[in-house]
Amino acid sequence: MLPSYPLGLDIGKVIGTVVCTIKDPKLEGMKLLLLQPTDHRYEPAGAPFVALDGIGCGRGEYVFYETSREAPFAYPDVQPPVDAAIVGILDSVHDGITGMTKHS
Amino acid sequence: MRIGKVIGTVVATQKTERLKGAKLLIVQELTVEAQPTSTFVVCMDAVGAGYGDVVLTCAGSSARLTSVTETAPVDATIIGIVDTVERDGEVVFQKGAEA
């Protein structure tokens with residue numbers, strides 16, 4: 001049984017980039033991406049936002065991301081001031097109810 | 001993080017000790033295409049942003065992770081000044097080019 005609150009990890013699609021020259025020193029050298037959150041069928045769900053790239057991904061890729069106070073742990077030694085960070089690239093999503101597997 | 005535009009300042013003389021010296025700005029949230037929304041948030045400035053700047057804001061307890069805000073009771077911080085936003089290969093915001 002899944003809890004009624006949203007789970008910590010969510011999935012989304014990388015749709016663009018954001019460039020900031022002036023930024024917090026902890027963000028130096030880090031990449032900021034535009035992320036469109038999606039449901040487990042890769043359909044858009046909600047408004048796009050900016051996320052820190054914690055792994056090196058590119059436009060069009062489906063990824064999973066961490067939000068809130070857990071997002072800085074994409075870089076645990078630096079702890080950058082971010083509230084969303086991409087922590088993995090999706091290969092496929094398997095829906096246990098329908099038995100369908102969707103590949104990125 | 002959300003993109004927003006600095007539209008004003010907040011001045012408070014009487015405030016908690018840990019907010020002394022803090023610059024508080026009113027930020028209107030924008031969509032990722034830099035279109036205005038009806039959501040406003042007061043942010044503590046960590047990068048020296050000014051009126052009219054399009055900025056990147058961080059919310060929640062992560063907002064306290066900059067050197068400026070680490071001891072301050074804040075839940076929203078400006079962590080960057082946005083130069084460009086590119087979506088689907090198209091530049092949807094360019095600093096200095098906005099109307």
# chains A, B, ... in the order shown; residues from 1 in each chain; ligands from 1
>>> residues_around(residues="region 32-39 of chain A", least_positions_apart="2", cutoff="10 Å", atoms="only C-alpha atoms", output="JSON list (two decimals) with C-alpha atoms, in the first residue's frame")
[["chain", "number", "residue", "atom", "x", "y", "z"],
["A", 10, "ASP", "CA", 9.36, 11.95, -8.89],
["A", 11, "ILE", "CA", 9.94, 11.62, -12.61],
["A", 12, "GLY", "CA", 10.13, 14.23, -15.34],
["A", 13, "LYS", "CA", 11.55, 15.18, -18.71],
["A", 14, "VAL", "CA", 14.41, 17.59, -19.33],
["A", 15, "ILE", "CA", 13.06, 20.31, -21.63],
["A", 16, "GLY", "CA", 15.65, 23.08, -21.47],
["A", 17, "THR", "CA", 18.41, 24.90, -19.65],
["A", 18, "VAL", "CA", 18.81, 27.96, -17.43],
["A", 19, "VAL", "CA", 22.01, 30.01, -17.32],
["A", 20, "CYS", "CA", 22.96, 32.23, -14.38],
["A", 27, "LEU", "CA", 26.44, 26.56, -7.53],
["A", 29, "GLY", "CA", 30.18, 24.82, -12.27],
["A", 30, "MET", "CA", 26.80, 23.18, -11.74],
["A", 41, "ARG", "CA", 3.33, 7.04, -18.33],
["A", 42, "TYR", "CA", 5.59, 10.00, -19.22],
["A", 43, "GLU", "CA", 2.58, 12.28, -19.68],
["A", 44, "PRO", "CA", 3.16, 15.89, -18.48],
["A", 45, "ALA", "CA", 1.81, 16.51, -14.96],
["A", 46, "GLY", "CA", 2.13, 20.00, -13.51],
["A", 47, "ALA", "CA", 4.11, 23.11, -14.32],
["A", 48, "PRO", "CA", 7.78, 22.98, -15.36],
["A", 49, "PHE", "CA", 10.43, 24.19, -12.92],
["A", 50, "VAL", "CA", 14.20, 24.52, -12.58],
["A", 51, "ALA", "CA", 16.26, 21.64, -11.18],
["A", 52, "LEU", "CA", 19.94, 21.14, -10.50],
["A", 53, "ASP", "CA", 21.60, 18.52, -12.70],
["A", 54, "GLY", "CA", 23.25, 16.10, -10.30],
["A", 57, "CYS", "CA", 21.86, 14.61, -18.39],
["A", 58, "GLY", "CA", 20.60, 16.29, -21.53],
["A", 59, "ARG", "CA", 17.46, 17.61, -23.19],
["A", 60, "GLY", "CA", 14.76, 15.07, -23.96],
["A", 61, "GLU", "CA", 15.87, 12.60, -21.32],
["A", 62, "TYR", "CA", 13.46, 11.19, -18.76],
["A", 63, "VAL", "CA", 14.91, 11.48, -15.28],
["A", 64, "PHE", "CA", 14.01, 11.14, -11.65],
["A", 65, "TYR", "CA", 14.51, 13.95, -9.22],
["A", 84, "ALA", "CA", 15.07, 20.24, -6.73],
["A", 85, "ALA", "CA", 17.86, 18.07, -8.15],
["A", 86, "ILE", "CA", 18.02, 15.37, -10.83],
["B", 1, "MET", "CA", 13.54, 26.16, -8.10],
["B", 2, "ARG", "CA", 11.26, 28.77, -9.57],
["B", 32, "VAL", "CA", 9.53, 29.06, -17.28],
["B", 85, "VAL", "CA", 16.24, 30.42, -20.29],
["B", 86, "GLU", "CA", 16.17, 27.98, -23.17],
["B", 87, "ARG", "CA", 13.22, 25.67, -23.75],
["B", 88, "ASP", "CA", 13.00, 23.06, -26.54]]
>>> select_by_dssp(residues="chain A", states="helix (DSSP H, G or I)", output="PyMOL selection string")
chain A and resi 25-27+68-74
>>> write_last_selection(atoms="N, CA and C atoms", output="mmCIF file, in the first residue's frame")
data_model
loop_
_atom_site.group_PDB
_atom_site.id
_atom_site.type_symbol
_atom_site.label_atom_id
_atom_site.label_comp_id
_atom_site.auth_asym_id
_atom_site.auth_seq_id
_atom_site.Cartn_x
_atom_site.Cartn_y
_atom_site.Cartn_z
ATOM 1 N N PRO A 25 27.953 30.971 -4.688
ATOM 2 C CA PRO A 25 29.238 30.313 -4.985
ATOM 3 C C PRO A 25 29.157 28.786 -4.979
ATOM 4 N N LYS A 26 28.266 28.226 -4.170
ATOM 5 C CA LYS A 26 28.148 26.764 -4.122
ATOM 6 C C LYS A 26 27.622 26.196 -5.437
ATOM 7 N N LEU A 27 27.018 27.047 -6.271
ATOM 8 C CA LEU A 27 26.443 26.562 -7.532
ATOM 9 C C LEU A 27 27.421 26.688 -8.698
ATOM 10 N N SER A 68 12.945 19.355 -2.203
ATOM 11 C CA SER A 68 12.997 19.810 -0.817
ATOM 12 C C SER A 68 14.414 19.680 -0.234
ATOM 13 N N ARG A 69 14.526 19.390 1.040
ATOM 14 C CA ARG A 69 15.822 19.391 1.724
ATOM 15 C C ARG A 69 16.709 18.212 1.302
ATOM 16 N N GLU A 70 16.118 17.251 0.599
ATOM 17 C CA GLU A 70 16.916 16.122 0.128
ATOM 18 C C GLU A 70 17.676 16.466 -1.166
ATOM 19 N N ALA A 71 17.201 17.461 -1.918
ATOM 20 C CA ALA A 71 17.826 17.808 -3.198
ATOM 21 C C ALA A 71 19.315 18.154 -3.068
ATOM 22 N N PRO A 72 19.748 18.901 -2.034
ATOM 23 C CA PRO A 72 21.179 19.208 -1.917
ATOM 24 C C PRO A 72 22.057 17.960 -1.809
ATOM 25 N N PHE A 73 21.481 16.816 -1.464
ATOM 26 C CA PHE A 73 22.285 15.598 -1.335
ATOM 27 C C PHE A 73 22.682 15.017 -2.684
ATOM 28 N N ALA A 74 22.265 15.646 -3.786
ATOM 29 C CA ALA A 74 22.831 15.294 -5.093
ATOM 30 C C ALA A 74 24.336 15.579 -5.071
#
>>> residues_around(residues="region 46-58 of chain B", least_positions_apart="4", cutoff="9 Å", atoms="only C-alpha atoms", output="ChimeraX atom specification")
/A:20,22-24,50,81-84 /B:1-9,22-23,25,27,29-30,34,62-63,66-69,75-83,95
>>> write_last_selection(atoms="N, CA and C atoms", output="compact mmCIF listing (two decimals), in the first residue's frame")
# COMPACT_ATOMS: atom_id res chain seq x y z
N CYS A 20 22.78 31.12 -15.32
CA CYS A 20 22.96 32.23 -14.38
C CYS A 20 24.45 32.50 -14.24
N ILE A 22 25.62 35.23 -12.36
CA ILE A 22 25.72 35.61 -10.95
C ILE A 22 24.88 34.61 -10.16
N LYS A 23 25.53 33.86 -9.28
CA LYS A 23 24.80 32.86 -8.50
C LYS A 23 25.56 32.56 -7.22
N ASP A 24 24.92 31.82 -6.34
CA ASP A 24 25.57 31.45 -5.09
C ASP A 24 26.85 30.68 -5.41
N VAL A 50 12.75 24.61 -12.40
CA VAL A 50 14.20 24.52 -12.58
C VAL A 50 14.76 23.52 -11.59
N PRO A 81 22.41 25.25 -2.33
CA PRO A 81 21.07 25.70 -1.94
C PRO A 81 20.06 25.48 -3.07
N VAL A 82 19.59 24.27 -3.21
CA VAL A 82 18.61 23.94 -4.26
C VAL A 82 17.46 23.17 -3.63
N ASP A 83 16.26 23.33 -4.21
CA ASP A 83 15.10 22.59 -3.71
C ASP A 83 14.62 21.53 -4.69
N ALA A 84 15.39 21.32 -5.79
CA ALA A 84 15.07 20.24 -6.73
C ALA A 84 16.36 19.83 -7.41
N MET B 1 13.44 24.70 -8.21
CA MET B 1 13.54 26.16 -8.10
C MET B 1 12.57 26.81 -9.07
N ARG B 2 12.16 28.01 -8.72
CA ARG B 2 11.26 28.77 -9.57
C ARG B 2 11.98 30.01 -10.09
N ILE B 3 11.50 30.47 -11.24
CA ILE B 3 12.00 31.73 -11.80
C ILE B 3 11.04 32.83 -11.38
N GLY B 4 11.60 33.99 -11.03
CA GLY B 4 10.75 35.09 -10.60
C GLY B 4 11.36 36.42 -10.96
N LYS B 5 10.56 37.46 -10.78
CA LYS B 5 11.04 38.81 -11.08
C LYS B 5 10.95 39.66 -9.82
N VAL B 6 12.03 40.38 -9.53
CA VAL B 6 12.05 41.24 -8.35
C VAL B 6 11.19 42.46 -8.64
N ILE B 7 10.13 42.66 -7.84
CA ILE B 7 9.22 43.78 -8.09
C ILE B 7 9.18 44.75 -6.91
N GLY B 8 9.93 44.49 -5.86
CA GLY B 8 9.91 45.43 -4.75
C GLY B 8 10.75 44.96 -3.59
N THR B 9 10.78 45.78 -2.56
CA THR B 9 11.58 45.46 -1.37
C THR B 9 10.68 45.47 -0.14
N ALA B 22 19.71 41.55 6.63
CA ALA B 22 19.16 40.78 5.51
C ALA B 22 18.46 41.71 4.53
N LYS B 23 18.65 41.44 3.23
CA LYS B 23 17.90 42.18 2.22
C LYS B 23 16.72 41.32 1.80
N LEU B 25 13.39 40.90 -0.54
CA LEU B 25 12.82 41.37 -1.81
C LEU B 25 11.50 40.66 -2.08
N VAL B 27 9.27 38.97 -4.77
CA VAL B 27 9.50 38.32 -6.07
C VAL B 27 8.15 37.82 -6.59
N GLU B 29 6.48 35.34 -9.01
CA GLU B 29 6.87 34.12 -9.72
C GLU B 29 6.49 34.21 -11.19
N LEU B 30 7.39 33.66 -12.03
CA LEU B 30 7.15 33.63 -13.48
C LEU B 30 7.05 32.17 -13.91
N ALA B 34 8.93 32.87 -18.70
CA ALA B 34 9.07 34.22 -18.18
C ALA B 34 7.78 35.02 -18.26
N SER B 62 16.10 24.17 2.24
CA SER B 62 17.30 24.33 1.42
C SER B 62 17.67 25.81 1.27
N ALA B 63 16.71 26.70 1.50
CA ALA B 63 16.96 28.13 1.37
C ALA B 63 18.01 28.60 2.38
N THR B 66 22.82 28.81 1.81
CA THR B 66 23.83 29.76 1.33
C THR B 66 24.58 30.33 2.53
N SER B 67 25.79 30.90 2.27
CA SER B 67 26.56 31.45 3.38
C SER B 67 25.85 32.65 4.00
N VAL B 68 25.01 33.33 3.21
CA VAL B 68 24.30 34.51 3.70
C VAL B 68 23.12 34.11 4.60
N THR B 69 22.48 32.99 4.28
CA THR B 69 21.22 32.65 4.96
C THR B 69 21.37 31.51 5.98
N ASP B 75 12.66 30.86 4.48
CA ASP B 75 12.28 29.69 3.70
C ASP B 75 12.23 29.99 2.20
N ALA B 76 12.80 31.13 1.80
CA ALA B 76 12.91 31.43 0.37
C ALA B 76 14.11 32.33 0.16
N THR B 77 14.98 31.96 -0.78
CA THR B 77 16.21 32.70 -1.03
C THR B 77 16.41 32.88 -2.52
N ILE B 78 16.92 34.05 -2.89
CA ILE B 78 17.34 34.26 -4.28
C ILE B 78 18.75 33.72 -4.41
N ILE B 79 18.92 32.70 -5.27
CA ILE B 79 20.23 32.03 -5.37
C ILE B 79 20.94 32.33 -6.69
N GLY B 80 20.28 33.06 -7.60
CA GLY B 80 20.95 33.38 -8.85
C GLY B 80 20.19 34.43 -9.63
N ILE B 81 20.93 35.13 -10.51
CA ILE B 81 20.29 36.08 -11.43
C ILE B 81 20.30 35.42 -12.81
N VAL B 82 19.11 35.29 -13.40
CA VAL B 82 18.97 34.51 -14.63
C VAL B 82 19.45 35.34 -15.83
N ASP B 83 20.32 34.73 -16.66
CA ASP B 83 20.75 35.35 -17.91
C ASP B 83 19.89 34.87 -19.07
N LYS B 95 18.34 37.97 -20.69
CA LYS B 95 18.49 39.15 -19.84
C LYS B 95 18.80 40.38 -20.71
>>> atom_distance(atom1="CA of Gly60 (chain B)", atom2="CA of Phe40 (chain B)")
15.1 Å
>>> select_by_dssp(residues="chain B", states="strand (DSSP E or B)", output="PyMOL selection string")
chain B and resi 2-10+24-30+36-45+54-59+76-87+90-94
>>> atom_distance(atom1="CA of Gly96 (chain B)", atom2="CA of Pro36 (chain B)")
16.8 Å
